[in-house]
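The file entry_1.cif contains mmCIF, C-alpha atoms (C1' of nucleotides):
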data_final
#
loop_
_atom_site.label_atom_id
_atom_site.label_comp_id
_atom_site.auth_asym_id
_atom_site.auth_seq_id
_atom_site.Cartn_x
_atom_site.Cartn_y
_atom_site.Cartn_z
CA MET A 177 -9.48 -19.40 44.14
CA THR A 178 -8.63 -16.18 42.43
CA ASP A 179 -10.47 -13.66 44.49
CA THR A 180 -8.84 -10.57 43.06
CA THR A 181 -8.80 -9.88 39.34
CA ASP A 182 -5.58 -10.87 37.66
CA THR A 183 -5.29 -9.15 34.31
CA THR A 184 -2.45 -11.37 33.19
CA ASP A 185 -4.36 -14.56 33.78
CA PRO A 186 -4.23 -16.38 30.42
CA ARG A 187 -7.50 -18.14 31.00
CA ARG A 188 -9.13 -14.83 31.66
CA ALA A 189 -7.50 -13.32 28.59
CA ARG A 190 -9.05 -16.12 26.59
CA LEU A 191 -12.46 -15.24 27.98
CA TYR A 192 -11.96 -11.65 26.86
CA GLU A 193 -11.00 -12.87 23.43
CA GLU A 194 -14.09 -15.02 23.12
CA LEU A 195 -16.37 -12.28 24.34
CA SER A 196 -14.87 -9.83 21.89
CA ALA A 197 -15.32 -12.14 18.92
CA GLU A 198 -18.79 -13.15 19.98
CA SER A 199 -19.99 -9.60 20.47
CA ARG A 200 -18.93 -8.74 16.92
CA ARG A 201 -21.05 -11.55 15.57
CA TYR A 202 -23.76 -10.55 18.00
CA HIS A 203 -23.99 -7.05 16.58
CA ALA A 204 -23.78 -8.32 13.03
CA ALA A 205 -26.69 -10.62 13.78
CA TYR A 206 -28.70 -7.75 15.19
CA VAL A 207 -28.12 -5.66 12.08
CA LEU A 208 -29.30 -8.53 9.91
CA PHE A 209 -32.34 -9.05 12.11
CA ASN A 210 -33.18 -5.38 12.04
CA GLN A 211 -32.87 -5.48 8.28
CA ALA A 212 -35.18 -8.48 8.09
CA VAL A 213 -37.79 -6.71 10.23
CA ALA A 214 -37.54 -3.65 7.99
CA ASP A 215 -37.95 -5.74 4.84
CA HIS A 216 -40.88 -7.52 6.40
CA LEU A 217 -42.66 -4.26 7.19
CA GLY A 218 -41.63 -2.44 4.05
CA LEU A 219 -39.62 0.10 6.00
CA HIS A 220 -36.01 1.18 6.06
CA PRO A 221 -33.66 -0.20 8.70
CA THR A 222 -33.06 3.30 10.02
CA ASP A 223 -36.79 3.81 10.46
CA VAL A 224 -37.15 0.61 12.44
CA GLN A 225 -34.17 1.60 14.55
CA ALA A 226 -35.75 4.97 15.24
CA LEU A 227 -39.05 3.36 16.18
CA SER A 228 -37.18 1.10 18.56
CA LEU A 229 -35.55 4.05 20.27
CA LEU A 230 -38.81 5.97 20.23
CA THR A 231 -40.69 3.25 22.08
CA VAL A 232 -37.99 2.58 24.67
CA GLU A 233 -38.28 6.04 26.16
CA PRO A 234 -41.57 6.83 27.87
CA GLU A 235 -41.78 10.50 26.83
CA PRO A 236 -41.87 11.70 23.21
CA LEU A 237 -38.66 12.82 21.52
CA THR A 238 -37.85 15.93 19.54
CA VAL A 239 -36.49 15.77 16.03
CA ARG A 240 -33.09 16.80 17.30
CA GLN A 241 -33.04 14.06 19.91
CA ILE A 242 -33.86 11.52 17.22
CA ALA A 243 -31.03 12.93 15.14
CA ASP A 244 -28.58 12.60 18.02
CA LEU A 245 -29.71 9.11 18.99
CA THR A 246 -29.52 7.77 15.44
CA GLY A 247 -26.45 9.75 14.39
CA LEU A 248 -28.10 11.53 11.47
CA THR A 249 -28.21 15.25 10.75
CA THR A 250 -31.33 17.18 11.68
CA GLY A 251 -32.20 17.40 8.00
CA SER A 252 -32.16 13.63 7.55
CA ALA A 253 -34.03 13.21 10.81
CA THR A 254 -36.74 15.45 9.41
CA ARG A 255 -37.11 13.22 6.34
CA LEU A 256 -37.11 10.16 8.59
CA VAL A 257 -39.98 11.58 10.65
CA ASP A 258 -41.66 12.48 7.36
CA ARG A 259 -41.57 8.85 6.30
CA LEU A 260 -42.76 7.58 9.65
CA GLU A 261 -45.57 10.15 9.72
CA ARG A 262 -46.63 9.30 6.18
CA GLY A 263 -46.73 5.65 7.19
CA GLY A 264 -48.88 6.55 10.19
CA TYR A 265 -46.36 5.34 12.74
CA VAL A 266 -45.87 8.66 14.53
CA ASP A 267 -47.58 12.01 15.10
CA ARG A 268 -46.01 15.45 15.07
CA THR A 269 -47.02 17.71 17.95
CA PRO A 270 -45.69 21.20 18.60
CA ASP A 271 -43.98 21.51 21.97
CA PRO A 272 -46.08 23.81 24.18
CA GLY A 273 -43.06 24.86 26.19
CA ASP A 274 -40.77 25.65 23.24
CA ARG A 275 -42.48 26.46 19.99
CA ARG A 276 -39.37 25.76 17.97
CA ARG A 277 -39.48 22.11 18.93
CA VAL A 278 -41.63 19.38 17.46
CA LEU A 279 -42.51 16.39 19.59
CA VAL A 280 -42.62 13.05 17.83
CA THR A 281 -45.08 10.65 19.41
CA PRO A 282 -45.50 7.02 18.35
CA VAL A 283 -49.01 5.95 17.34
CA PRO A 284 -49.76 2.93 19.53
CA GLU A 285 -52.12 1.09 17.16
CA ARG A 286 -49.76 1.43 14.23
CA VAL A 287 -46.60 0.72 16.18
CA ALA A 288 -48.26 -2.41 17.54
CA ARG A 289 -47.66 -3.92 14.12
CA VAL A 290 -43.95 -3.50 14.67
CA THR A 291 -43.87 -4.58 18.28
CA ALA A 292 -45.85 -7.67 17.30
CA VAL A 293 -42.81 -8.83 15.39
CA TRP A 294 -40.59 -8.08 18.33
CA ASP A 295 -42.91 -9.78 20.79
CA GLU A 296 -42.90 -12.94 18.74
CA LEU A 297 -39.15 -12.80 19.02
CA GLY A 298 -39.57 -11.97 22.69
CA ARG A 299 -41.32 -15.25 23.37
CA THR A 300 -38.47 -17.26 21.96
CA TRP A 301 -36.12 -14.91 23.76
CA ARG A 302 -37.65 -15.88 27.07
CA THR A 303 -36.78 -19.50 26.54
CA LEU A 304 -33.25 -18.24 26.01
CA LEU A 305 -33.20 -16.12 29.14
CA ASP A 306 -35.03 -18.62 31.28
CA ASP A 307 -32.00 -20.71 31.97
CA HIS A 308 -29.95 -17.82 33.19
CA SER A 309 -29.87 -17.15 36.89
CA GLU A 310 -30.95 -13.77 38.20
CA ASP A 311 -27.37 -12.86 38.98
CA GLU A 312 -26.35 -13.69 35.45
CA LEU A 313 -29.16 -11.59 34.01
CA ARG A 314 -28.09 -8.69 36.17
CA ALA A 315 -24.50 -9.13 35.04
CA ILE A 316 -25.50 -9.09 31.38
CA THR A 317 -27.64 -6.00 31.81
CA ARG A 318 -24.92 -4.29 33.76
CA HIS A 319 -22.36 -5.07 31.11
CA MET A 320 -24.55 -3.57 28.40
CA ARG A 321 -25.32 -0.48 30.43
CA ARG A 322 -21.67 0.19 31.10
CA ALA A 323 -20.61 -0.60 27.55
CA ASN A 324 -23.25 1.85 26.44
CA ALA A 325 -21.85 4.62 28.61
CA LEU A 326 -18.30 3.75 27.62
CA SER A 327 -18.97 3.95 23.90
CA ARG A 328 -20.36 7.42 24.40
CA THR A 329 -17.09 8.69 25.83
CA GLN A 330 -15.14 6.77 23.19
CA ILE A 331 -17.12 8.44 20.43
CA GLU A 332 -16.20 11.81 21.88
CA ARG A 333 -12.58 10.76 21.96
CA LEU A 334 -12.66 9.68 18.33
CA ARG A 335 -14.24 12.94 17.23
CA SER A 336 -11.59 14.98 18.99
CA LEU A 337 -8.77 12.93 17.50
CA PRO A 338 -7.05 13.99 14.25
CA LYS A 339 -8.04 11.92 11.24
CA PRO A 340 -5.22 9.66 9.99
CA ASP A 341 -5.65 10.55 6.30
CA MET B 147 -34.10 -19.59 47.16
CA THR B 148 -35.81 -20.04 43.82
CA ASP B 149 -33.88 -22.94 42.43
CA THR B 150 -36.11 -23.66 39.46
CA THR B 151 -36.99 -20.98 36.94
CA ASP B 152 -40.36 -19.41 37.55
CA THR B 153 -41.48 -17.55 34.44
CA THR B 154 -44.27 -15.75 36.29
CA ASP B 155 -41.94 -14.30 38.89
CA PRO B 156 -42.54 -10.54 38.71
CA ARG B 157 -39.02 -9.70 39.81
CA ARG B 158 -37.68 -11.85 37.06
CA ALA B 159 -40.05 -10.29 34.55
CA ARG B 160 -38.67 -6.93 35.54
CA LEU B 161 -35.15 -8.19 34.84
CA TYR B 162 -36.25 -9.26 31.37
CA GLU B 163 -37.72 -5.83 30.83
CA GLU B 164 -34.55 -4.07 31.85
CA LEU B 165 -32.37 -6.31 29.73
CA SER B 166 -34.61 -5.75 26.72
CA ALA B 167 -34.49 -1.96 27.05
CA GLU B 168 -30.78 -1.92 27.74
CA SER B 169 -29.92 -4.11 24.79
CA ARG B 170 -31.75 -1.72 22.47
CA ARG B 171 -29.65 1.16 23.70
CA TYR B 172 -26.64 -1.12 23.56
CA HIS B 173 -27.08 -1.78 19.87
CA ALA B 174 -27.84 1.85 19.15
CA ALA B 175 -24.61 2.78 20.88
CA TYR B 176 -22.69 0.27 18.81
CA VAL B 177 -24.09 1.67 15.58
CA LEU B 178 -23.03 5.17 16.63
CA PHE B 179 -19.60 3.93 17.60
CA ASN B 180 -19.20 2.09 14.34
CA GLN B 181 -20.20 5.27 12.54
CA ALA B 182 -17.64 7.28 14.49
CA VAL B 183 -14.90 4.81 13.60
CA ALA B 184 -15.91 5.01 9.95
CA ASP B 185 -15.88 8.82 9.99
CA HIS B 186 -12.53 8.77 11.69
CA LEU B 187 -11.00 6.54 9.03
CA GLY B 188 -12.82 8.08 6.09
CA LEU B 189 -14.68 4.86 5.39
CA HIS B 190 -18.31 3.84 5.22
CA PRO B 191 -19.95 2.14 8.19
CA THR B 192 -20.64 -0.92 6.07
CA ASP B 193 -16.98 -1.16 5.14
CA VAL B 194 -15.88 -1.06 8.76
CA GLN B 195 -18.49 -3.66 9.59
CA ALA B 196 -17.18 -5.88 6.81
CA LEU B 197 -13.61 -5.46 8.00
CA SER B 198 -14.71 -6.41 11.48
CA LEU B 199 -16.29 -9.61 10.22
CA LEU B 200 -13.35 -10.27 7.94
CA THR B 201 -10.85 -10.15 10.78
CA VAL B 202 -12.89 -12.24 13.21
CA GLU B 203 -12.72 -15.31 11.03
CA PRO B 204 -9.26 -16.83 10.59
CA GLU B 205 -9.67 -17.91 6.97
CA PRO B 206 -10.42 -15.54 4.07
CA LEU B 207 -14.00 -15.06 2.93
CA THR B 208 -15.52 -15.19 -0.54
CA VAL B 209 -17.53 -12.31 -1.93
CA ARG B 210 -20.70 -14.29 -1.45
CA GLN B 211 -19.93 -14.97 2.20
CA ILE B 212 -19.37 -11.27 2.76
CA ALA B 213 -22.69 -10.60 1.08
CA ASP B 214 -24.47 -13.08 3.34
CA LEU B 215 -22.78 -11.88 6.51
CA THR B 216 -23.52 -8.23 5.85
CA GLY B 217 -26.93 -8.72 4.30
CA LEU B 218 -26.12 -7.10 0.96
CA THR B 219 -26.57 -8.49 -2.52
CA THR B 220 -23.58 -9.99 -4.29
CA GLY B 221 -23.48 -6.94 -6.52
CA SER B 222 -23.17 -4.53 -3.62
CA ALA B 223 -20.66 -6.83 -1.97
CA THR B 224 -18.54 -6.58 -5.10
CA ARG B 225 -18.53 -2.78 -4.88
CA LEU B 226 -17.75 -3.01 -1.19
CA VAL B 227 -14.71 -5.18 -1.89
CA ASP B 228 -13.82 -2.74 -4.67
CA ARG B 229 -13.70 0.10 -2.15
CA LEU B 230 -11.74 -1.90 0.38
CA GLU B 231 -9.30 -3.05 -2.28
CA ARG B 232 -8.85 0.48 -3.60
CA GLY B 233 -8.13 1.61 -0.06
CA GLY B 234 -5.57 -1.15 0.29
CA TYR B 235 -7.38 -2.90 3.13
CA VAL B 236 -7.89 -6.22 1.35
CA ASP B 237 -6.52 -8.31 -1.49
CA ARG B 238 -8.42 -10.32 -4.05
CA THR B 239 -7.13 -13.82 -4.67
CA PRO B 240 -8.71 -16.38 -6.98
CA ASP B 241 -9.73 -19.55 -5.18
CA PRO B 242 -7.50 -22.40 -6.38
CA GLY B 243 -10.19 -24.97 -5.62
CA ASP B 244 -13.07 -23.18 -7.34
CA ARG B 245 -12.13 -20.73 -10.05
CA ARG B 246 -15.48 -18.97 -9.87
CA ARG B 247 -14.78 -17.80 -6.36
CA VAL B 248 -12.66 -14.88 -5.25
CA LEU B 249 -11.05 -14.96 -1.85
CA VAL B 250 -10.91 -11.68 0.03
CA THR B 251 -7.92 -11.45 2.35
CA PRO B 252 -7.32 -8.58 4.76
CA VAL B 253 -3.98 -6.79 4.43
CA PRO B 254 -2.48 -6.91 7.94
CA GLU B 255 -0.45 -3.68 7.81
CA ARG B 256 -3.35 -1.66 6.48
CA VAL B 257 -5.97 -3.25 8.69
CA ALA B 258 -3.75 -2.52 11.67
CA ARG B 259 -4.81 1.08 11.32
CA VAL B 260 -8.38 0.01 11.97
CA THR B 261 -7.62 -2.43 14.73
CA ALA B 262 -5.55 0.26 16.42
CA VAL B 263 -8.75 2.16 17.01
CA TRP B 264 -10.40 -0.95 18.35
CA ASP B 265 -7.48 -1.82 20.56
CA GLU B 266 -7.52 1.59 22.14
CA LEU B 267 -11.14 0.88 22.91
CA GLY B 268 -10.09 -2.57 24.03
CA ARG B 269 -7.92 -1.16 26.78
CA THR B 270 -10.77 0.78 28.29
CA TRP B 271 -12.93 -2.25 27.71
CA ARG B 272 -10.68 -4.31 29.92
CA THR B 273 -11.28 -2.03 32.84
CA LEU B 274 -14.93 -2.66 32.22
CA LEU B 275 -14.61 -6.41 32.04
CA ASP B 276 -12.11 -6.65 34.88
CA ASP B 277 -14.71 -6.43 37.57
CA HIS B 278 -16.78 -9.23 36.19
CA SER B 279 -16.20 -12.69 37.54
CA GLU B 280 -15.25 -15.48 35.18
CA ASP B 281 -18.68 -17.01 35.55
CA GLU B 282 -20.28 -13.74 34.62
CA LEU B 283 -18.08 -13.37 31.58
CA ARG B 284 -19.01 -16.84 30.48
CA ALA B 285 -22.67 -16.05 31.00
CA ILE B 286 -22.44 -12.92 28.88
CA THR B 287 -20.61 -14.71 26.08
CA ARG B 288 -23.05 -17.55 26.20
CA HIS B 289 -25.99 -15.19 26.01
CA MET B 290 -24.56 -13.50 22.93
CA ARG B 291 -23.75 -16.77 21.24
CA ARG B 292 -27.23 -18.09 21.74
CA ALA B 293 -28.90 -14.81 20.79
CA ASN B 294 -26.80 -14.93 17.66
CA ALA B 295 -28.04 -18.38 16.75
CA LEU B 296 -31.59 -17.46 17.66
CA SER B 297 -31.71 -14.40 15.45
CA ARG B 298 -30.62 -16.54 12.54
CA THR B 299 -33.65 -18.78 12.85
CA GLN B 300 -35.88 -15.76 13.49
CA ILE B 301 -34.68 -14.13 10.28
CA GLU B 302 -35.63 -17.28 8.40
CA ARG B 303 -39.06 -17.16 10.02
CA LEU B 304 -39.56 -13.53 9.02
CA ARG B 305 -38.57 -14.21 5.43
CA SER B 306 -41.02 -17.09 5.14
CA LEU B 307 -43.87 -15.04 6.63
CA PRO B 308 -46.29 -13.10 4.40
CA LYS B 309 -45.72 -9.37 4.38
CA PRO B 310 -48.46 -7.36 6.17
CA ASP B 311 -48.82 -4.75 3.40
"C1'" DC C 27 -36.37 46.40 27.14
"C1'" DA C 28 -34.06 46.02 22.81
"C1'" DT C 29 -30.90 43.48 20.13
"C1'" DA C 30 -27.35 40.13 19.02
"C1'" DG C 31 -26.54 35.32 19.19
"C1'" DA C 32 -27.80 30.54 19.61
"C1'" DT C 33 -31.01 26.73 18.76
"C1'" DT C 34 -34.71 24.13 16.34
"C1'" DG C 35 -36.76 22.19 12.41
"C1'" DC C 36 -37.26 22.44 7.49
"C1'" DT C 37 -35.95 22.53 2.39
"C1'" DG C 38 -33.06 22.41 -2.41
"C1'" DC C 39 -29.19 20.19 -4.14
"C1'" DG C 40 -25.66 16.89 -5.27
"C1'" DT C 41 -23.57 12.56 -3.94
"C1'" DC C 42 -23.16 7.75 -3.57
"C1'" DG C 43 -24.32 3.26 -1.58
"C1'" DC C 44 -27.56 0.02 -2.71
"C1'" DG C 45 -30.98 -3.40 -5.03
"C1'" DC C 46 -32.30 -5.20 -9.38
"C1'" DA C 47 -31.60 -7.63 -13.51
"C1'" DG C 48 -28.70 -9.45 -16.81
"C1'" DT C 49 -23.90 -11.50 -18.37
"C1'" DG C 50 -20.02 -14.68 -18.89
"C1'" DA C 51 -17.22 -18.11 -16.61
"C1'" DT C 52 -17.06 -22.19 -13.94
"C1'" DT C 53 -18.85 -26.06 -11.35
"C1'" DT C 54 -22.28 -29.64 -10.40
"C1'" DC C 55 -26.15 -32.51 -11.52
"C1'" DT C 56 -28.47 -36.05 -14.60
"C1'" DA D 260 -22.07 -34.39 -22.90
"C1'" DG D 261 -25.71 -31.22 -22.02
"C1'" DA D 262 -28.67 -28.86 -18.51
"C1'" DA D 263 -28.97 -26.38 -14.41
"C1'" DA D 264 -27.03 -24.09 -10.62
"C1'" DT D 265 -23.53 -21.02 -8.65
"C1'" DC D 266 -20.23 -17.25 -8.51
"C1'" DA D 267 -18.55 -12.62 -9.24
"C1'" DC D 268 -19.23 -8.73 -11.94
"C1'" DT D 269 -21.51 -4.69 -14.46
"C1'" DG D 270 -25.15 -0.91 -16.17
"C1'" DC D 271 -29.00 1.33 -14.44
"C1'" DG D 272 -32.18 3.92 -11.55
"C1'" DC D 273 -33.71 4.94 -6.91
"C1'" DG D 274 -33.56 7.15 -2.74
"C1'" DA D 275 -31.43 8.01 1.87
"C1'" DC D 276 -28.07 10.91 3.38
"C1'" DG D 277 -24.94 15.14 4.34
"C1'" DC D 278 -24.38 19.89 3.41
"C1'" DA D 279 -25.64 24.61 3.37
"C1'" DG D 280 -28.90 28.01 3.87
"C1'" DC D 281 -33.51 29.46 5.64
"C1'" DA D 282 -37.26 31.45 8.91
"C1'" DA D 283 -39.07 31.08 13.48
"C1'" DT D 284 -38.24 31.04 18.20
"C1'" DC D 285 -35.76 31.19 22.55
"C1'" DT D 286 -31.81 33.06 25.42
"C1'" DA D 287 -28.15 36.20 26.84
"C1'" DT D 288 -26.07 40.75 27.15
"C1'" DG D 289 -26.00 45.76 27.15
#
For this file, write the structure as structure tokens.
Amino acid sequence: MTDTTDTTDPRRARLYEELSAESRRYHAAYVLFNQAVADHLGLHPTDVQALSLLTVEPEPLTVRQIADLTGLTTGSATRLVDRLERGGYVDRTPDPGDRRRVLVTPVPERVARVTAVWDELGRTWRTLLDDHSEDELRAITRHMRRANALSRTQIERLRSLPKPD
Amino acid sequence: MTDTTDTTDPRRARLYEELSAESRRYHAAYVLFNQAVADHLGLHPTDVQALSLLTVEPEPLTVRQIADLTGLTTGSATRLVDRLERGGYVDRTPDPGDRRRVLVTPVPERVARVTAVWDELGRTWRTLLDDHSEDELRAITRHMRRANALSRTQIERLRSLPKPD
DNA sequence: CATAGATTGCTGCGTCGCGCAGTGATTTCT
DNA sequence: AGAAATCACTGCGCGACGCAGCAATCTATG
């Protein structure tokens, strides 16, 4: 019926409301899950988060990139890599192209311990995704991708704004 | 064409892969955004997170509920409420029904400062959601709701498992 | 080509959120 | 009524984090 998007549609506004509330709980649940994984492995939540980001990207990351992606300072990122290296999860390799940089590479055998936990979750996840249509899956992915990009610009906006205190 | 769900469909497997990778970045982005909001308001990320959870639910929460929802111990939750109370964001009210409990109620005028930041984000969010169909919005919300419930059971599983250390 | 400036990663230092363990008050179980 | 569980709270110590300063290296400008 409604082909064009009507922003004042009350039913649609209700959908926005529900999605907003649900995404808050969604993120809260993820934080708790991440915490549980960290406890299970004897790591810190930040470390698990960093490992997650480190394994998503195909090429190794520098310490600075890890700092930017996690939101820590370069100093804290150094200690984080220290912990991960001490635990045997990553290797430090000097960057051949720029000798200031240090490339952080995940150690597959060791990281497998972490991904094993995720994969177990992944199996149950499949049963969750299986009754979504392909179009729905694409819509979900697209929403996340765009929300991702949006939050980046919003963070910049917040940083440029004066603090209300 | 494919009416029933075929788990071995390679194109579908690729969709799962993309969604998995994107949701990792999605959560990372949220953590960064939450951090930026906290910096902006001079609060701690955990406090902002707690305020978010506190305002989603219509009725006030007890200290224990806050502890469970955020994953902290009751002791840390007490300090968290201390900080929020000192900042004027919440009020402590003894529960009339159970005098052991303390009800934590958000202070609307003060919390408005926080929600103002969210609402500004909300406006740009609308432009993002506006070009999703209602069915897509429902699919996204449904996915989050179910992922939420799933992670709860997965956390229980992790806690009952022996630690690999 | 030399030199100033920017960038990268690392290291003391102090701060502070957090978990742990114990306490008193209140409720629930037997 | 007494025992056991639950709730919120409080010292205490740990450790992750931000900050500031450091040397090494790359880049830009004359």
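Evaluated against this file, the PyMOL selection byres ((chain A) within 9 of (chain C)) yields Val239, Arg240, Thr250, Gly251, Thr254, Arg275, Arg276, Arg277 and Val278 of chain A.
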Export of the given selection (C-alpha atoms) as a short mmCIF file (atom, residue, chain, number, x, y, z; two decimals), in the coordinates of the input:
data_model
loop_
_atom_site.label_atom_id
_atom_site.label_comp_id
_atom_site.auth_asym_id
_atom_site.auth_seq_id
_atom_site.Cartn_x
_atom_site.Cartn_y
_atom_site.Cartn_z
CA VAL A 239 -36.49 15.77 16.03
CA ARG A 240 -33.09 16.80 17.30
CA THR A 250 -31.33 17.18 11.68
CA GLY A 251 -32.20 17.40 8.00
CA THR A 254 -36.74 15.45 9.41
CA ARG A 275 -42.48 26.46 19.99
CA ARG A 276 -39.37 25.76 17.97
CA ARG A 277 -39.48 22.11 18.93
CA VAL A 278 -41.63 19.38 17.46
#
Please list as a PDB file with C-alpha atoms, keeping the file's coordinate frame every residue within 12 Å of segment 298-307 of chain A, counting all atoms listed in the file and excluding residues in the same chain fewer than 6 positions away.
ATOM      1  CA  THR A 291     -43.870  -4.580  18.280  1.00  0.00           C
ATOM      2  CA  ALA A 292     -45.850  -7.670  17.300  1.00  0.00           C
ATOM      3  CA  LEU A 313     -29.160 -11.590  34.010  1.00  0.00           C
ATOM      4  CA  ARG A 314     -28.090  -8.690  36.170  1.00  0.00           C
ATOM      5  CA  ILE A 316     -25.500  -9.090  31.380  1.00  0.00           C
ATOM      6  CA  THR A 317     -27.640  -6.000  31.810  1.00  0.00           C
TER       7      THR A 317
ATOM      8  CA  ASP B 149     -33.880 -22.940  42.430  1.00  0.00           C
ATOM      9  CA  THR B 150     -36.110 -23.660  39.460  1.00  0.00           C
ATOM     10  CA  THR B 151     -36.990 -20.980  36.940  1.00  0.00           C
ATOM     11  CA  ASP B 152     -40.360 -19.410  37.550  1.00  0.00           C
ATOM     12  CA  THR B 153     -41.480 -17.550  34.440  1.00  0.00           C
ATOM     13  CA  THR B 154     -44.270 -15.750  36.290  1.00  0.00           C
ATOM     14  CA  ASP B 155     -41.940 -14.300  38.890  1.00  0.00           C
ATOM     15  CA  ARG B 158     -37.680 -11.850  37.060  1.00  0.00           C
ATOM     16  CA  ALA B 159     -40.050 -10.290  34.550  1.00  0.00           C
ATOM     17  CA  LEU B 161     -35.150  -8.190  34.840  1.00  0.00           C
ATOM     18  CA  TYR B 162     -36.250  -9.260  31.370  1.00  0.00           C
ATOM     19  CA  GLU B 163     -37.720  -5.830  30.830  1.00  0.00           C
ATOM     20  CA  LEU B 165     -32.370  -6.310  29.730  1.00  0.00           C
ATOM     21  CA  SER B 166     -34.610  -5.750  26.720  1.00  0.00           C
ATOM     22  CA  ALA B 285     -22.670 -16.050  31.000  1.00  0.00           C
ATOM     23  CA  ILE B 286     -22.440 -12.920  28.880  1.00  0.00           C
ATOM     24  CA  ARG B 288     -23.050 -17.550  26.200  1.00  0.00           C
ATOM     25  CA  HIS B 289     -25.990 -15.190  26.010  1.00  0.00           C
ATOM     26  CA  MET B 290     -24.560 -13.500  22.930  1.00  0.00           C
ATOM     27  CA  ARG B 291     -23.750 -16.770  21.240  1.00  0.00           C
ATOM     28  CA  ARG B 292     -27.230 -18.090  21.740  1.00  0.00           C
ATOM     29  CA  ALA B 293     -28.900 -14.810  20.790  1.00  0.00           C
ATOM     30  CA  ASN B 294     -26.800 -14.930  17.660  1.00  0.00           C
ATOM     31  CA  ALA B 295     -28.040 -18.380  16.750  1.00  0.00           C
ATOM     32  CA  LEU B 296     -31.590 -17.460  17.660  1.00  0.00           C
ATOM     33  CA  SER B 297     -31.710 -14.400  15.450  1.00  0.00           C
ATOM     34  CA  THR B 299     -33.650 -18.780  12.850  1.00  0.00           C
ATOM     35  CA  GLN B 300     -35.880 -15.760  13.490  1.00  0.00           C
ATOM     36  CA  ARG B 303     -39.060 -17.160  10.020  1.00  0.00           C
TER      37      ARG B 303
END
One number please: atom CA of Gln181 of chain B to atom CA of Arg232 of chain B, in Å, one decimal.
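Taking atom CA of Gln181 of chain B and atom CA of Arg232 of chain B, their separation equals 20.3 Å.
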Using the file's own x, y and z axes, what box holds all listed atoms of segment 226-238 of chain B with 6 Å on each side, keeping edges along x, y and z, and what are its centre and edge lengths in Å to one decimal, as JSON?
{"center_x": -11.7, "center_y": -4.4, "center_z": -0.8, "size_x": 24.2, "size_y": 23.9, "size_z": 19.8}
Would you kindly translate the PyMOL selection byres ((chain D and resi 271-282) around 8) into the concrete residues it picks from this file, as a compact mmCIF listing (two decimals) with C-alpha atoms (C1' of nucleotides), keeping the file's coordinate frame?
# COMPACT_ATOMS: atom_id res chain seq x y z
CA THR A 249 -28.21 15.25 10.75
CA SER A 252 -32.16 13.63 7.55
C1' DG D 270 -25.15 -0.91 -16.17
C1' DA D 283 -39.07 31.08 13.48
re atom CA of Leu218 of chain B and atom CA of Leu260 of chain A: distance 23.8 Å
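If you look at atom CA of Thr238 of chain A and atom CA of Arg171 of chain B, they are 17.4 Å away from each other.
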Matched chain/residue IDs from the PyMOL selection byres ((chain A and resi 209) around 12), as a PyMOL selection string
(chain A and resi 202-208+210-216+221+224-225+293-294+297) or (chain B and resi 173+215-217+293-305)
Check: which chain D residues lie within 9 Å of chain B using all atoms listed in the file, as a PyMOL selection string
chain D and resi 265-269
